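Coordinates from coords_28.txt are shown below (compact mmCIF, C-alpha atoms).
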# COMPACT_ATOMS: atom_id res chain seq x y z
CA MET O 1 -28.06 -11.59 5.87
CA SER O 2 -24.85 -10.37 4.26
CA GLU O 3 -24.21 -10.89 0.59
CA PHE O 4 -20.94 -11.82 -0.97
CA GLU O 5 -19.86 -12.80 -4.44
CA LEU O 6 -17.27 -15.38 -5.43
CA LEU O 7 -14.92 -14.17 -8.15
CA PRO O 8 -13.14 -16.58 -10.45
CA ALA O 9 -9.47 -15.72 -10.79
CA ILE O 10 -6.83 -15.79 -13.46
CA ASP O 11 -3.30 -15.60 -12.11
CA LEU O 12 -0.73 -14.80 -14.79
CA ILE O 13 2.94 -15.71 -15.07
CA LYS O 14 4.66 -15.11 -18.41
CA GLY O 15 1.31 -15.03 -20.21
CA ARG O 16 0.10 -18.34 -18.79
CA VAL O 17 -2.74 -19.10 -16.38
CA VAL O 18 -1.23 -20.54 -13.21
CA ARG O 19 -1.86 -21.15 -9.54
CA LEU O 20 0.85 -20.96 -6.90
CA ARG O 21 0.83 -23.27 -3.91
CA ARG O 22 0.69 -21.04 -0.83
CA GLY O 23 2.12 -18.15 -2.85
CA ASP O 24 5.34 -20.02 -3.57
CA PHE O 25 6.68 -19.09 -7.02
CA ASP O 26 8.62 -22.37 -7.05
CA GLN O 27 5.39 -24.38 -6.70
CA GLU O 28 3.44 -23.39 -9.79
CA THR O 29 0.69 -25.35 -11.52
CA ALA O 30 -0.07 -24.23 -15.08
CA TYR O 31 -3.70 -24.34 -16.21
CA GLY O 32 -3.42 -22.97 -19.70
CA ASP O 33 -1.55 -20.89 -22.25
CA ASP O 34 -4.53 -18.80 -23.36
CA PRO O 35 -5.79 -16.50 -20.58
CA VAL O 36 -8.25 -14.82 -22.96
CA ALA O 37 -9.92 -18.19 -23.63
CA VAL O 38 -10.09 -18.83 -19.88
CA ALA O 39 -11.74 -15.43 -19.38
CA ARG O 40 -14.22 -16.28 -22.15
CA ALA O 41 -15.06 -19.57 -20.40
CA PHE O 42 -15.71 -17.76 -17.10
CA ALA O 43 -17.97 -15.28 -18.92
CA ASP O 44 -19.78 -18.11 -20.69
CA ALA O 45 -20.36 -19.76 -17.29
CA GLY O 46 -22.08 -16.59 -16.07
CA ALA O 47 -19.43 -14.98 -13.88
CA GLY O 48 -20.21 -11.35 -13.11
CA TRP O 49 -16.65 -10.46 -12.12
CA LEU O 50 -13.19 -11.75 -12.94
CA HIS O 51 -10.15 -11.25 -10.69
CA VAL O 52 -6.90 -11.05 -12.69
CA VAL O 53 -3.49 -10.96 -11.01
CA ASP O 54 -0.22 -10.24 -12.77
CA LEU O 55 2.03 -12.39 -10.57
CA ASP O 56 5.12 -11.29 -12.53
CA GLY O 57 4.14 -7.73 -11.64
CA ALA O 58 3.51 -8.58 -8.00
CA ARG O 59 6.98 -10.07 -7.78
CA ALA O 60 8.67 -7.21 -9.67
CA GLY O 61 6.75 -4.46 -7.86
CA GLU O 62 5.36 -3.04 -11.11
CA PRO O 63 2.93 -4.34 -13.75
CA ARG O 64 4.39 -6.63 -16.39
CA GLN O 65 1.33 -7.82 -18.34
CA LEU O 66 -0.94 -4.83 -18.95
CA GLY O 67 -1.27 -5.68 -22.65
CA LEU O 68 -2.54 -9.15 -21.86
CA ALA O 69 -4.79 -7.70 -19.15
CA ALA O 70 -6.28 -5.31 -21.72
CA ALA O 71 -7.00 -8.27 -24.03
CA ILE O 72 -8.75 -10.09 -21.18
CA VAL O 73 -10.80 -6.99 -20.37
CA ALA O 74 -11.74 -6.62 -24.06
CA GLU O 75 -12.92 -10.24 -24.15
CA ALA O 76 -14.97 -9.74 -21.00
CA ARG O 77 -16.52 -6.45 -22.08
CA ASP O 78 -20.32 -6.37 -21.84
CA ARG O 79 -20.42 -9.78 -20.14
CA MET O 80 -18.52 -9.40 -16.89
CA GLN O 81 -16.38 -6.86 -15.11
CA VAL O 82 -12.68 -7.31 -14.45
CA GLU O 83 -10.57 -6.25 -11.51
CA LEU O 84 -6.80 -6.20 -12.01
CA GLY O 85 -3.96 -6.46 -9.53
CA GLY O 86 -0.31 -7.33 -9.25
CA GLY O 87 2.49 -4.82 -8.78
CA LEU O 88 0.21 -1.82 -8.47
CA ARG O 89 2.32 0.22 -6.08
CA THR O 90 2.35 3.69 -7.66
CA GLY O 91 -0.30 6.09 -8.85
CA GLU O 92 0.96 5.64 -12.41
CA ALA O 93 0.75 1.85 -12.21
CA ILE O 94 -2.81 2.04 -10.89
CA ALA O 95 -3.80 4.48 -13.64
CA GLY O 96 -2.26 2.08 -16.16
CA ALA O 97 -4.27 -0.83 -14.77
CA LEU O 98 -7.48 1.17 -14.91
CA GLY O 99 -6.48 2.32 -18.40
CA THR O 100 -6.83 -1.28 -19.62
CA GLY O 101 -10.57 -0.87 -19.12
CA ALA O 102 -10.58 -2.81 -15.85
CA ALA O 103 -13.44 -1.77 -13.60
CA ARG O 104 -11.29 -1.91 -10.47
CA ALA O 105 -7.64 -1.91 -9.48
CA VAL O 106 -6.64 -4.29 -6.69
CA ILE O 107 -3.97 -2.83 -4.42
CA GLY O 108 -2.30 -4.44 -1.44
CA THR O 109 1.31 -3.85 -0.53
CA ALA O 110 1.35 -0.13 -1.35
CA LEU O 111 -1.69 0.56 0.83
CA LEU O 112 -0.09 -1.10 3.81
CA ARG O 113 3.21 0.69 3.34
CA ASP O 114 1.76 4.19 3.03
CA PRO O 115 -1.51 4.99 4.84
CA ASP O 116 -1.94 8.29 3.00
CA PHE O 117 -1.69 6.61 -0.40
CA ALA O 118 -5.20 5.12 -0.06
CA ALA O 119 -6.82 8.52 0.48
CA THR O 120 -4.92 9.97 -2.49
CA LEU O 121 -6.13 7.14 -4.73
CA VAL O 122 -9.74 7.48 -3.56
CA ALA O 123 -9.64 11.20 -4.33
CA ARG O 124 -8.22 10.52 -7.81
CA HIS O 125 -10.24 7.46 -8.92
CA GLY O 126 -13.16 7.17 -6.51
CA PRO O 127 -13.80 4.35 -4.04
CA ALA O 128 -15.70 2.14 -6.51
CA ARG O 129 -12.60 1.72 -8.71
CA LEU O 130 -10.31 0.49 -5.93
CA VAL O 131 -10.13 -2.73 -3.96
CA ALA O 132 -7.78 -3.49 -1.09
CA SER O 133 -6.21 -6.92 -1.05
CA ILE O 134 -4.81 -7.89 2.30
CA ASP O 135 -2.87 -11.09 2.90
CA VAL O 136 -3.24 -12.13 6.54
CA ARG O 137 -0.94 -14.49 8.37
CA ASP O 138 -1.12 -15.05 12.12
CA GLY O 139 -3.44 -12.04 12.49
CA LEU O 140 -1.10 -9.65 10.67
CA ALA O 141 -1.91 -7.87 7.40
CA LEU O 142 1.11 -8.31 5.16
CA GLY O 143 2.51 -6.57 2.12
CA GLU O 144 4.24 -9.01 -0.20
CA GLY O 145 2.35 -11.73 1.63
CA TRP O 146 4.08 -14.55 -0.25
CA ARG O 147 7.46 -13.59 1.27
CA GLU O 148 8.41 -15.21 4.56
CA GLY O 149 9.24 -12.63 7.19
CA ALA O 150 7.25 -9.86 5.48
CA PRO O 151 6.44 -7.12 8.02
CA GLY O 152 2.83 -6.59 8.95
CA LEU O 153 0.39 -4.82 11.21
CA PRO O 154 -2.68 -6.16 13.00
CA ALA O 155 -5.28 -7.01 10.36
CA ALA O 156 -8.09 -5.16 12.18
CA ASP O 157 -5.94 -2.01 12.28
CA ALA O 158 -5.24 -2.30 8.54
CA VAL O 159 -8.95 -2.64 7.73
CA THR O 160 -9.85 0.31 9.98
CA ARG O 161 -7.16 2.48 8.40
CA LEU O 162 -8.23 1.62 4.83
CA ALA O 163 -11.92 2.17 5.59
CA ALA O 164 -11.12 5.57 7.09
CA ALA O 165 -9.31 6.47 3.84
CA GLY O 166 -12.41 5.58 1.80
CA ILE O 167 -11.47 2.12 0.53
Let's see the structure in the file written out as structure tokens.
Amino acid sequence: MSEFELLPAIDLIKGRVVRLRRGDFDQETAYGDDPVAVARAFADAGAGWLHVVDLDGARAGEPRQLGLAAAIVAEARDRMQVELGGGLRTGEAIAGALGTGAARAVIGTALLRDPDFAATLVARHGPARLVASIDVRDGLALGEGWREGAPGLPAADAVTRLAAAGI
């Protein structure tokens, strides 16, 4: 039997914990103003991993909340591991995310845009520090998956390509 683990998530917009309806930035539900306290609650509940997404960064194409991410990682330290995503589209941005102390960087759009980028990242950081995030709609893997009309490629092809690169 295969094993999988459910990861609680903290999605961040302007320092708040939110959830978007179907990725629509105009349909936001706020869940709290203290993401560090939310991370603490997940750790207290026994979570082994926490998935944190800088939605401002995802929208801007570069991280916007690394300081807050570092505070979340510091709170989680020794109790759960954190993976961080959102706007990680350059080697420098990914190094910055990992520099917060996050165990893994979550990368999506950049991996789909440039097939060689994945292999470069694996060589630099190792496969255990990287996670591919692929939004799939109608069988296509999409970069900027929240945007209507985003170009994509067959999801199976995307997975095969990323696996071949070491992700």
- Item | atom CA of O:Gly48 to atom CA of O:Ala118, distance in Å rounded to a single decimal | 25.8 Å
- Query: What lies within 9 Å of stretch 110-116 of chain O using only C-alpha atoms, ignoring chain neighbours under 5 positions off, as a PyMOL selection string?
  - Reply: chain O and resi 87-90+121+132-134+141-143+152-153+158+161-162+165
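The space between atom CA of O:Lys14 and atom CA of O:Arg79 spans 25.7 Å.
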- Message: I want to know what sits within 12 Å of O:Glu5, based on all atoms listed in the file, with residues of the same chain fewer than 4 positions away left out; could you give that as a PyMOL selection string?
- Response: chain O and resi 47-51
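Note that atom CA of O:Thr160 and atom CA of O:Gln81 are 26.9 Å apart.
Residues in contact range of O:Val106, defined as at most 7 Å between all atoms listed in the file, with sequence neighbours fewer than 6 positions away removed, read Glu83, Leu84, Gly85, Leu130, Val131, Ala132 and Ser133 of chain O.
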Please give the centre and size of the box around stretch 52-57 of chain O (axis-aligned, containing every atom listed in the file, 6 Å added per side), with values in Å to one decimal and written as lines of an AutoDock Vina configuration file.
center_x = -0.9
center_y = -10.1
center_z = -11.7
size_x = 24.0
size_y = 16.7
size_z = 14.2
- Task: Find the residues near O:Ala39: any atom within 10 Å, counting all atoms listed in the file, skip ones fewer than 5 places away on the same chain, and give them as a list in words.
- Result: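 Within the cut-off, the hits are Pro8, Ala9, Ile10, Asp34, Asp44, Ala45, Ala47, Leu50, His51, Val52, Ala71, Ile72, Val73, Ala74, Glu75, Ala76, Met80 and Val82 of chain O.
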- Near-O:Ala97 list (7 Å; all atoms listed in the file; drop same-chain fewer than 5 positions) as a list of chain:residue names: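 These residues fall inside the cut-off: O:Leu66, O:Leu84, O:Ala102, O:Ala105.
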Now that the selection is made, can you save its residues with C-alpha atoms as a tab-separated table (two decimals), in the frame of the given file?
chain	number	residue	atom	x	y	z
O	66	LEU	CA	-0.94	-4.83	-18.95
O	84	LEU	CA	-6.80	-6.20	-12.01
O	102	ALA	CA	-10.58	-2.81	-15.85
O	105	ALA	CA	-7.64	-1.91	-9.48
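With only C-alpha atoms as the atoms that count, the residue of O:Asp33, O:Glu28, O:Asp11, O:Asp157 with the shortest distance to O:Ala58 is O:Asp11.
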- For O:Pro63, which residue among O:Leu12, O:Tyr31, O:Phe25, O:Ala43 is the nearest when counting all atoms listed in the file? O:Leu12
